[in-house]
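**Student:** Input structure: query15.json, which contains JSON, C-alpha atoms.
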```
[["chain", "number", "residue", "atom", "x", "y", "z"],
["A", 1, "ASP", "CA", 0.00, 0.00, 0.00],
["A", 2, "LEU", "CA", 2.86, 2.39, 0.76],
["A", 3, "ALA", "CA", 4.43, 1.63, -2.63],
["A", 4, "LEU", "CA", 1.02, 2.25, -4.22],
["A", 5, "LEU", "CA", 0.80, 5.64, -2.50],
["A", 6, "HIS", "CA", 4.22, 6.63, -3.83],
["A", 7, "ARG", "CA", 3.25, 5.58, -7.36],
["A", 8, "MET", "CA", 0.09, 7.68, -7.11],
["A", 9, "VAL", "CA", 2.05, 10.69, -5.83],
["A", 10, "ALA", "CA", 4.54, 10.37, -8.67],
["A", 11, "ARG", "CA", 1.71, 11.00, -11.17],
["A", 12, "ALA", "CA", -0.34, 13.42, -9.11],
["A", 13, "ASP", "CA", -0.64, 17.18, -9.41],
["A", 14, "VAL", "CA", -1.72, 17.73, -5.83],
["A", 15, "LEU", "CA", -1.35, 15.86, -2.54],
["A", 16, "VAL", "CA", -3.55, 16.99, 0.37],
["A", 17, "GLN", "CA", -2.95, 15.49, 3.80],
["A", 18, "ASN", "CA", -4.12, 16.30, 7.32],
["A", 19, "LEU", "CA", -2.42, 13.53, 9.26],
["A", 20, "ALA", "CA", -0.91, 14.12, 12.69],
["A", 21, "PRO", "CA", 2.31, 16.18, 12.59],
["A", 22, "GLY", "CA", 5.22, 13.98, 11.47],
["A", 23, "ALA", "CA", 3.05, 11.17, 10.08],
["A", 24, "ILE", "CA", 3.57, 12.16, 6.45],
["A", 25, "ASP", "CA", 7.34, 12.17, 7.01],
["A", 26, "ARG", "CA", 7.16, 8.61, 8.32],
["A", 27, "LEU", "CA", 5.40, 7.63, 5.10],
["A", 28, "GLY", "CA", 8.46, 8.78, 3.18],
["A", 29, "LEU", "CA", 6.90, 11.99, 1.90],
["A", 30, "SER", "CA", 8.77, 14.62, 3.88],
["A", 31, "ALA", "CA", 9.41, 18.05, 2.39],
["A", 32, "ASP", "CA", 12.97, 17.05, 1.45],
["A", 33, "VAL", "CA", 11.81, 13.85, -0.29],
["A", 34, "ILE", "CA", 9.07, 15.68, -2.20],
["A", 35, "ALA", "CA", 11.49, 18.40, -3.33],
["A", 36, "GLU", "CA", 13.95, 15.76, -4.60],
["A", 37, "LYS", "CA", 11.68, 13.06, -6.05],
["A", 38, "PHE", "CA", 8.47, 14.95, -6.94],
["A", 39, "PRO", "CA", 9.51, 18.53, -7.81],
["A", 40, "ARG", "CA", 6.25, 19.27, -9.69],
["A", 41, "LEU", "CA", 4.02, 18.10, -6.85],
["A", 42, "ILE", "CA", 1.88, 20.60, -4.95],
["A", 43, "ALA", "CA", 1.76, 19.29, -1.40],
["A", 44, "ILE", "CA", -0.82, 20.80, 0.95],
["A", 45, "ASN", "CA", -0.16, 20.00, 4.60],
["A", 46, "ILE", "CA", -3.17, 20.81, 6.79],
["A", 47, "VAL", "CA", -2.25, 21.22, 10.45],
["A", 48, "GLY", "CA", -3.85, 22.62, 13.57],
["A", 49, "TYR", "CA", -1.15, 25.16, 14.37],
["A", 50, "GLY", "CA", 1.89, 26.48, 12.55],
["A", 51, "GLN", "CA", 4.70, 23.97, 12.74],
["A", 52, "ASP", "CA", 7.18, 26.72, 13.58],
["A", 53, "THR", "CA", 5.23, 27.67, 16.72],
["A", 54, "PRO", "CA", 5.21, 26.20, 20.26],
["A", 55, "TYR", "CA", 1.74, 24.82, 19.48],
["A", 56, "ALA", "CA", 3.03, 22.63, 16.65],
["A", 57, "ALA", "CA", 2.20, 19.32, 18.36],
["A", 58, "MET", "CA", -1.15, 20.42, 19.84],
["A", 59, "ARG", "CA", -4.21, 18.36, 18.97],
["A", 60, "ALA", "CA", -6.61, 20.48, 16.98],
["A", 61, "TYR", "CA", -10.34, 20.11, 16.51],
["A", 62, "ASP", "CA", -12.75, 22.71, 15.27],
["A", 63, "MET", "CA", -14.14, 23.97, 18.59],
["A", 64, "LEU", "CA", -10.72, 23.89, 20.24],
["A", 65, "VAL", "CA", -9.30, 26.13, 17.52],
["A", 66, "GLN", "CA", -12.30, 28.47, 17.64],
["A", 67, "ALA", "CA", -11.74, 28.85, 21.38],
["A", 68, "GLU", "CA", -7.95, 29.30, 21.12],
["A", 69, "SER", "CA", -8.19, 31.92, 18.36],
["A", 70, "GLY", "CA", -10.59, 34.20, 20.23],
["A", 71, "ILE", "CA", -13.54, 33.58, 17.92],
["A", 72, "CYS", "CA", -15.60, 32.52, 20.94],
["A", 73, "ALA", "CA", -14.58, 35.68, 22.79],
["A", 74, "VAL", "CA", -16.45, 37.83, 20.27],
["A", 75, "THR", "CA", -19.34, 35.40, 19.63],
["A", 76, "GLY", "CA", -22.34, 34.92, 21.90],
["A", 77, "THR", "CA", -24.09, 37.02, 24.51],
["A", 78, "PRO", "CA", -22.47, 39.39, 27.02],
["A", 79, "ASP", "CA", -22.63, 36.60, 29.62],
["A", 80, "THR", "CA", -21.87, 33.54, 27.47],
["A", 81, "PRO", "CA", -19.04, 33.04, 24.96],
["A", 82, "SER", "CA", -20.14, 30.73, 22.13],
["A", 83, "LYS", "CA", -18.68, 28.82, 19.23],
["A", 84, "VAL", "CA", -19.92, 29.48, 15.73],
["A", 85, "GLY", "CA", -22.81, 27.07, 15.13],
["A", 86, "VAL", "CA", -21.11, 25.33, 12.20],
["A", 87, "SER", "CA", -17.55, 23.97, 11.84],
["A", 88, "ALA", "CA", -16.07, 27.35, 10.93],
["A", 89, "ALA", "CA", -12.42, 26.40, 11.49],
["A", 90, "ASP", "CA", -12.70, 23.26, 9.37],
["A", 91, "ILE", "CA", -14.55, 25.04, 6.57],
["A", 92, "ALA", "CA", -12.23, 28.07, 6.51],
["A", 93, "THR", "CA", -9.19, 25.79, 6.43],
["A", 94, "GLY", "CA", -10.58, 23.90, 3.46],
["A", 95, "MET", "CA", -11.31, 27.14, 1.62],
["A", 96, "ASN", "CA", -7.77, 28.39, 2.28],
["A", 97, "ALA", "CA", -6.34, 25.10, 1.04],
["A", 98, "HIS", "CA", -8.43, 25.32, -2.14],
["A", 99, "ALA", "CA", -7.18, 28.86, -2.83],
["A", 100, "ALA", "CA", -3.56, 27.85, -2.15],
["A", 101, "ILE", "CA", -3.84, 24.91, -4.57],
["A", 102, "LEU", "CA", -5.15, 27.15, -7.36],
["A", 103, "GLU", "CA", -2.37, 29.69, -6.75],
["A", 104, "ALA", "CA", 0.26, 26.94, -6.79],
["A", 105, "LEU", "CA", -1.09, 25.43, -10.02],
["A", 106, "LEU", "CA", -0.95, 28.83, -11.73],
["A", 107, "ALA", "CA", 2.58, 29.39, -10.46],
["A", 108, "ARG", "CA", 3.68, 25.97, -11.70],
["A", 109, "GLU", "CA", 2.54, 26.91, -15.21],
["A", 110, "LYS", "CA", 5.22, 29.62, -15.14],
["A", 111, "THR", "CA", 7.99, 27.96, -13.11],
["A", 112, "GLY", "CA", 7.47, 24.28, -13.80],
["A", 113, "ARG", "CA", 7.85, 23.57, -10.11],
["A", 114, "GLY", "CA", 5.39, 22.64, -7.40],
["A", 115, "ARG", "CA", 5.46, 23.83, -3.84],
["A", 116, "ILE", "CA", 4.78, 22.68, -0.31],
["A", 117, "VAL", "CA", 2.16, 24.73, 1.51],
["A", 118, "GLU", "CA", 1.21, 24.55, 5.18],
["A", 119, "ILE", "CA", -2.38, 25.48, 5.97],
["A", 120, "ALA", "CA", -3.03, 25.89, 9.70],
["A", 121, "MET", "CA", -6.52, 25.87, 11.18],
["A", 122, "PHE", "CA", -5.47, 28.47, 13.75],
["A", 123, "ASP", "CA", -4.22, 30.79, 10.99],
["A", 124, "ALA", "CA", -7.62, 30.60, 9.31],
["A", 125, "MET", "CA", -9.43, 31.67, 12.48],
["A", 126, "ALA", "CA", -6.82, 34.28, 13.44],
["A", 127, "ASP", "CA", -7.29, 35.83, 9.99],
["A", 128, "TRP", "CA", -11.03, 36.06, 10.65],
["A", 129, "MET", "CA", -10.16, 37.81, 13.92],
["A", 130, "ALA", "CA", -8.12, 40.52, 12.17],
["A", 131, "VAL", "CA", -10.63, 43.34, 12.75],
["A", 132, "PRO", "CA", -11.11, 42.69, 16.51],
["A", 133, "LEU", "CA", -7.33, 42.29, 16.81],
["A", 134, "LEU", "CA", -6.63, 45.61, 15.08],
["A", 135, "HIS", "CA", -9.28, 47.34, 17.18],
["A", 136, "TYR", "CA", -7.66, 45.98, 20.34],
["A", 137, "GLU", "CA", -4.02, 46.70, 19.48],
["A", 138, "TYR", "CA", -4.34, 50.00, 17.62],
["A", 139, "ALA", "CA", -7.58, 51.56, 18.84],
["A", 140, "GLY", "CA", -7.51, 50.36, 22.45],
["A", 141, "ARG", "CA", -10.97, 48.90, 22.03],
["A", 142, "GLU", "CA", -11.89, 45.34, 22.98],
["A", 143, "THR", "CA", -14.71, 43.87, 20.89],
["A", 144, "GLN", "CA", -17.60, 42.84, 23.12],
["A", 145, "ARG", "CA", -20.24, 40.16, 22.59],
["A", 146, "TYR", "CA", -23.64, 41.49, 21.61],
["A", 147, "GLY", "CA", -25.45, 38.38, 20.42],
["A", 148, "LEU", "CA", -27.30, 39.31, 17.22],
["A", 149, "ALA", "CA", -26.37, 42.99, 17.51],
["A", 150, "HIS", "CA", -23.34, 44.45, 15.73],
["A", 151, "ALA", "CA", -20.42, 45.53, 17.89],
["A", 152, "SER", "CA", -19.48, 48.68, 15.95],
["A", 153, "ILE", "CA", -22.47, 49.60, 13.73],
["A", 154, "TYR", "CA", -25.79, 50.74, 15.19],
["A", 155, "PRO", "CA", -28.64, 50.10, 14.91],
["A", 156, "TYR", "CA", -27.75, 46.75, 13.35],
["A", 157, "ARG", "CA", -29.76, 44.18, 15.27],
["A", 158, "PRO", "CA", -33.13, 42.39, 15.39],
["A", 159, "TYR", "CA", -36.19, 44.15, 16.76],
["A", 160, "ALA", "CA", -39.18, 42.22, 18.04],
["A", 161, "CYS", "CA", -42.50, 42.91, 16.34],
["A", 162, "ARG", "CA", -45.90, 41.59, 17.42],
["A", 163, "ASP", "CA", -45.46, 38.35, 15.45],
["A", 164, "GLY", "CA", -41.70, 37.87, 15.06],
["A", 165, "SER", "CA", -38.41, 39.70, 14.65],
["A", 166, "VAL", "CA", -36.77, 41.68, 11.85],
["A", 167, "VAL", "CA", -33.06, 42.49, 11.65],
["A", 168, "VAL", "CA", -32.39, 46.10, 10.69],
["A", 169, "SER", "CA", -29.08, 47.39, 9.29],
["A", 170, "ILE", "CA", -28.24, 51.10, 9.27],
["A", 171, "GLN", "CA", -24.86, 51.67, 7.63],
["A", 172, "GLN", "CA", -24.88, 55.39, 6.74],
["A", 173, "ASN", "CA", -26.31, 58.59, 8.15],
["A", 174, "ASN", "CA", -28.64, 59.14, 5.19],
["A", 175, "GLU", "CA", -30.10, 55.71, 5.97],
["A", 176, "TRP", "CA", -30.45, 56.74, 9.60],
["A", 177, "LYS", "CA", -32.41, 59.81, 8.50],
["A", 178, "ARG", "CA", -34.80, 57.72, 6.37],
["A", 179, "PHE", "CA", -35.10, 55.14, 9.14],
["A", 180, "CYS", "CA", -36.17, 57.81, 11.61],
["A", 181, "SER", "CA", -38.64, 59.55, 9.32],
["A", 182, "VAL", "CA", -40.20, 56.60, 7.43],
["A", 183, "VAL", "CA", -39.79, 53.53, 9.61],
["A", 184, "LEU", "CA", -39.86, 54.94, 13.13],
["A", 185, "GLN", "CA", -41.90, 58.03, 12.17],
["A", 186, "ARG", "CA", -39.79, 59.90, 14.71],
["A", 187, "GLN", "CA", -37.86, 62.70, 13.01],
["A", 188, "ASP", "CA", -36.96, 64.05, 16.44],
["A", 189, "LEU", "CA", -34.58, 61.09, 16.89],
["A", 190, "PHE", "CA", -32.59, 62.21, 13.86],
["A", 191, "ALA", "CA", -32.21, 65.62, 15.49],
["A", 192, "ASP", "CA", -31.11, 64.10, 18.82],
["A", 193, "GLU", "CA", -27.38, 64.77, 19.27],
["A", 194, "ARG", "CA", -26.95, 61.50, 21.20],
["A", 195, "PHE", "CA", -27.65, 59.61, 17.97],
["A", 196, "ALA", "CA", -26.16, 62.00, 15.41],
["A", 197, "THR", "CA", -23.34, 59.69, 14.24],
["A", 198, "ASN", "CA", -22.75, 55.97, 14.20],
["A", 199, "ALA", "CA", -20.11, 56.32, 16.93],
["A", 200, "TRP", "CA", -22.63, 58.13, 19.16],
["A", 201, "ARG", "CA", -25.35, 55.60, 18.38],
["A", 202, "VAL", "CA", -22.99, 52.77, 19.38],
["A", 203, "ALA", "CA", -22.07, 54.56, 22.59],
["A", 204, "ASN", "CA", -25.72, 55.26, 23.42],
["A", 205, "ARG", "CA", -27.22, 52.01, 22.16],
["A", 206, "THR", "CA", -29.20, 51.35, 25.34],
["A", 207, "ALA", "CA", -30.91, 54.74, 25.20],
["A", 208, "LEU", "CA", -31.53, 54.36, 21.48],
["A", 209, "ASP", "CA", -33.08, 50.91, 21.90],
["A", 210, "ALA", "CA", -35.41, 52.30, 24.52],
["A", 211, "GLU", "CA", -36.78, 54.60, 21.81],
["A", 212, "ILE", "CA", -36.86, 52.05, 18.96],
["A", 213, "GLU", "CA", -38.08, 48.84, 20.61],
["A", 214, "PRO", "CA", -41.60, 50.06, 21.53],
["A", 215, "ILE", "CA", -42.20, 51.21, 17.95],
["A", 216, "PHE", "CA", -41.46, 47.78, 16.47],
["A", 217, "ALA", "CA", -43.31, 46.03, 19.30],
["A", 218, "ALA", "CA", -46.49, 47.87, 18.29],
["A", 219, "ILE", "CA", -46.51, 46.63, 14.67],
["A", 220, "ASP", "CA", -46.31, 43.25, 12.97],
["A", 221, "CYS", "CA", -43.46, 42.02, 10.76],
["A", 222, "GLU", "CA", -45.27, 42.75, 7.51],
["A", 223, "GLU", "CA", -45.80, 46.39, 8.46],
["A", 224, "ALA", "CA", -42.18, 46.71, 9.60],
["A", 225, "ILE", "CA", -40.90, 45.23, 6.33],
["A", 226, "ASN", "CA", -43.16, 47.50, 4.28],
["A", 227, "ARG", "CA", -41.80, 50.56, 6.05],
["A", 228, "LEU", "CA", -38.19, 49.33, 5.70],
["A", 229, "ASN", "CA", -38.67, 48.74, 1.99],
["A", 230, "GLU", "CA", -40.22, 52.17, 1.53],
["A", 231, "ALA", "CA", -37.22, 53.73, 3.29],
["A", 232, "GLN", "CA", -34.78, 51.55, 1.31],
["A", 233, "ILE", "CA", -33.32, 50.12, 4.50],
["A", 234, "ALA", "CA", -31.63, 46.69, 4.47],
["A", 235, "TRP", "CA", -33.41, 44.08, 6.55],
["A", 236, "GLY", "CA", -33.53, 40.35, 7.10],
["A", 237, "ARG", "CA", -35.45, 37.75, 9.04],
["A", 238, "VAL", "CA", -33.99, 35.53, 11.74],
["A", 239, "SER", "CA", -34.67, 32.17, 10.12],
["A", 240, "ALA", "CA", -35.11, 29.05, 12.21],
["A", 241, "MET", "CA", -33.80, 25.71, 10.99],
["A", 242, "ARG", "CA", -37.33, 24.77, 9.94],
["A", 243, "ASP", "CA", -37.42, 27.86, 7.70],
["A", 244, "LEU", "CA", -34.28, 27.13, 5.67],
["A", 245, "PRO", "CA", -35.65, 24.20, 3.59],
["A", 246, "HIS", "CA", -38.41, 26.52, 2.31],
["A", 247, "HIS", "CA", -36.33, 29.69, 1.90],
["A", 248, "LYS", "CA", -37.00, 31.35, -1.45],
["A", 249, "ALA", "CA", -33.28, 32.02, -2.00],
["A", 250, "LEU", "CA", -32.18, 28.43, -1.32],
["A", 251, "ARG", "CA", -30.86, 26.71, -4.43],
["A", 252, "ARG", "CA", -30.30, 22.96, -4.36],
["A", 253, "THR", "CA", -28.69, 20.11, -6.23],
["A", 254, "GLU", "CA", -29.16, 16.38, -5.87],
["A", 255, "VAL", "CA", -26.54, 13.92, -4.66],
["A", 256, "ALA", "CA", -26.84, 10.14, -5.00],
["A", 257, "LEU", "CA", -25.93, 8.02, -1.97],
["A", 258, "PRO", "CA", -24.28, 4.59, -2.23],
["A", 259, "ASP", "CA", -27.61, 2.87, -1.51],
["A", 260, "GLY", "CA", -29.23, 4.60, -4.49],
["A", 261, "ARG", "CA", -31.16, 7.21, -2.53],
["A", 262, "ARG", "CA", -30.96, 10.82, -3.61],
["A", 263, "ILE", "CA", -30.77, 13.76, -1.26],
["A", 264, "ALA", "CA", -31.01, 17.48, -1.96],
["A", 265, "VAL", "CA", -28.12, 19.59, -0.68],
["A", 266, "PRO", "CA", -27.44, 23.33, -1.00],
["A", 267, "MET", "CA", -26.00, 24.29, -4.38],
["A", 268, "PRO", "CA", -22.30, 25.13, -3.92],
["A", 269, "ALA", "CA", -21.58, 28.83, -4.33],
["A", 270, "GLY", "CA", -20.52, 29.79, -7.84],
["A", 271, "ARG", "CA", -22.28, 26.82, -9.45],
["A", 272, "SER", "CA", -25.31, 26.94, -11.68],
["A", 273, "GLU", "CA", -28.19, 24.54, -12.16],
["A", 274, "GLY", "CA", -27.04, 21.37, -13.88],
["A", 275, "PHE", "CA", -23.32, 21.87, -13.07],
["A", 276, "ALA", "CA", -23.12, 18.10, -12.56],
["A", 277, "THR", "CA", -25.37, 15.18, -13.41],
["A", 278, "VAL", "CA", -26.35, 14.00, -9.94],
["A", 279, "PRO", "CA", -22.91, 13.62, -8.33],
["A", 280, "SER", "CA", -22.64, 10.45, -6.29],
["A", 281, "VAL", "CA", -21.04, 9.66, -2.97],
["A", 282, "PRO", "CA", -18.93, 6.50, -3.46],
["A", 283, "ALA", "CA", -19.26, 3.61, -1.05],
["A", 284, "LEU", "CA", -16.26, 2.80, 1.10],
["A", 285, "GLY", "CA", -13.71, 1.05, -1.11],
["A", 286, "ALA", "CA", -15.71, 1.60, -4.32],
["A", 287, "ASP", "CA", -12.61, 2.74, -6.23],
["A", 288, "THR", "CA", -9.98, 0.55, -4.60],
["A", 289, "ASP", "CA", -9.69, -2.03, -7.38],
["A", 290, "ARG", "CA", -9.68, 0.60, -10.11],
["A", 291, "ILE", "CA", -6.93, 2.56, -8.35],
["A", 292, "ARG", "CA", -4.79, -0.55, -7.80],
["A", 293, "SER", "CA", -5.14, -1.38, -11.47],
["A", 294, "GLU", "CA", -4.43, 2.17, -12.67],
["A", 295, "PHE", "CA", -1.32, 2.53, -10.50],
["A", 296, "ALA", "CA", -0.09, -1.04, -10.74],
["A", 297, "ALA", "CA", 3.65, -1.57, -10.41]]
```
Any chance you could put this one into structure tokens?
**Tutor:**
Amino acid sequence: DLALLHRMVARADVLVQNLAPGAIDRLGLSADVIAEKFPRLIAINIVGYGQDTPYAAMRAYDMLVQAESGICAVTGTPDTPSKVGVSAADIATGMNAHAAILEALLAREKTGRGRIVEIAMFDAMADWMAVPLLHYEYAGRETQRYGLAHASIYPYRPYACRDGSVVVSIQQNNEWKRFCSVVLQRQDLFADERFATNAWRVANRTALDAEIEPIFAAIDCEEAINRLNEAQIAWGRVSAMRDLPHHKALRRTEVALPDGRRIAVPMPAGRSEGFATVPSVPALGADTDRIRSEFAA
């Protein structure tokens, strides 16, 4: 099997591995061996933490990396740090690996040589934390947790109506003016110096919410959305899991399972309808014989 792996690598464009640190070296595919024997190979080594850091040997799973990187420190409610509800570290690492592979393939067209790239899960999450990090180090401001409210733009949060909630996003002062006059029907709030700029609205969010919340609480979602549309204010609903399967923006594609069943999954971003003819998930070992035959000694 090891000889088979080496024969496959010899003909491959890309090798992706996320084994424990050092395991790929023990398989005879260290950086030195790859550079000597497979100079055109693009080798993507997925690790938890940079191998030139004291965390090199640390075990790394999605939630552990979210916690270590500070993602949980800026996610959740004021009282409760939370992880992102999906495997953000895993997904971001895969996306970074995909981008690195494409860059390396383009570079190889010019140089004729492959490259070895390390993709660390922690790096992916630390990159996502760039804005809170810059705020902390250069502005002396520590990003707080506000649940579904934005930390540095206000009002940018859900407001409860009589029959549900609507998320409102005010990004510019001309939007704030329209929001006050059309949605809230309170032009006096636009004239209030406490709320004159985004920075002041963020600083006085509690006082501002005390003015806004009763207005939304007195109307239903449809009325709120009608006013927001009239004022050209961005809005969104807080969808529950039961809402997503029926969401009007959800595009799907079918995937065939090994037992013949078909399931509908979200259409990958950047793909159009019919990008593949019902891709199938292979059963365990489905390609083993074909691979042994293709890469026979």
**Student:** Which value, in Å to one decimal, gives the distance between atom CA of A:His150 and atom CA of A:Gln171?
**Tutor:** 11.0 Å
**Student:** Which is closest to A:Cys161 among A:Glu213, A:Asp123, A:Asp192, A:Asp90, if we use all atoms listed in the file?
**Tutor:**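 Smallest distance to A:Cys161 is found for A:Glu213.
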**Student:** Grab the atom CA of A:Leu27 to atom CA of A:Ala57 distance for me, in Å with one decimal place.
**Tutor:**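 Atom CA of A:Ala57 lies 18.0 Å from atom CA of A:Leu27.
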**Student:** Please write out, as JSON, where the centre of an axis-aligned box around all listed atoms of stretch 207-225 of chain A lies and how long its edges are, in Å to one decimal, after adding 3 Å on each side.
**Tutor:**
```
{"center_x": -38.7, "center_y": 48.4, "center_z": 15.8, "size_x": 21.6, "size_y": 18.7, "size_z": 24.9}
```
**Student:** Give as a ChimeraX atom specification each residue that has an atom at most 12 Å from (-46.4, 44.8, 10.7) in the file, counting all atoms listed in the file.
**Tutor:** /A:159-166,183,215-228
**Student:** Between A:Val265, A:Leu257, A:Val16, A:Ala234, which one has atoms that come closest to A:Leu284, using only C-alpha atoms?
**Tutor:**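 Of A:Val265, A:Leu257, A:Val16, A:Ala234, the one nearest A:Leu284 is A:Leu257, counting only C-alpha atoms.
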**Student:** Skipping near chain neighbours, those fewer than 6 positions away, what residues fall within 12 Å of A:Arg292 using only C-alpha atoms, listed as a list in words?
**Tutor:**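 Once the nearby chain positions are removed, what remains is Asp1, Leu2, Ala3, Leu4, Leu5, Arg7, Met8, Gly285 and Ala286 of chain A.
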**Student:** What's the 9 Å shell around stretch 103-111 of chain A, counting all atoms listed in the file, without same-chain residues fewer than 4 positions away, as an MDAnalysis selection string?
**Tutor:** chainID A and resid 13:14 40 42 98:99 115:117
**Student:** Quick one: distance from atom CA of A:Gly147 to atom CA of A:Ala240 in Å, one decimal?
**Tutor:**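 Atom-to-atom, atom CA of A:Gly147 to atom CA of A:Ala240, that is 15.7 Å.
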**Student:** For a quick check of understanding, using all atoms listed in the file, which of A:Phe195, A:Ser69, A:Leu64, A:Gly22 has the smallest distance to A:Pro132?
**Tutor:**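 Nearest candidate to A:Pro132 out of A:Phe195, A:Ser69, A:Leu64, A:Gly22: A:Ser69.
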**Student:** List as a list in words the protein and nucleic acid residues near A:Trp176, meaning an atom at most 12 Å away when all atoms listed in the file are counted, but skip any in the same chain fewer than 6 places from it.
**Tutor:**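 The residues satisfying every condition are Ile153, Tyr154, Pro155, Tyr156, Val168, Ser169, Ile170, Val182, Val183, Leu184, Gln185, Arg186, Gln187, Asp188, Leu189, Phe190, Ala191, Asp192, Phe195, Ala196, Thr197, Asn198, Arg201, Leu228, Ala231, Gln232, Ile233 and Ala234 of chain A.
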**Student:** Which residues, protein or nucleic acid, reach to within 10 Å of (-8.2, 30.2, 3.5) in the file's coordinates when using all atoms listed in the file, and can you give that as a list in words?
**Tutor:**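 Applying the cut-off with all atoms listed in the file, one gets Ala89, Ile91, Ala92, Thr93, Gly94, Met95, Asn96, Ala97, His98, Ala99, Ala100, Ile119, Ala120, Met121, Asp123, Ala124, Met125, Asp127 and Trp128 of chain A.
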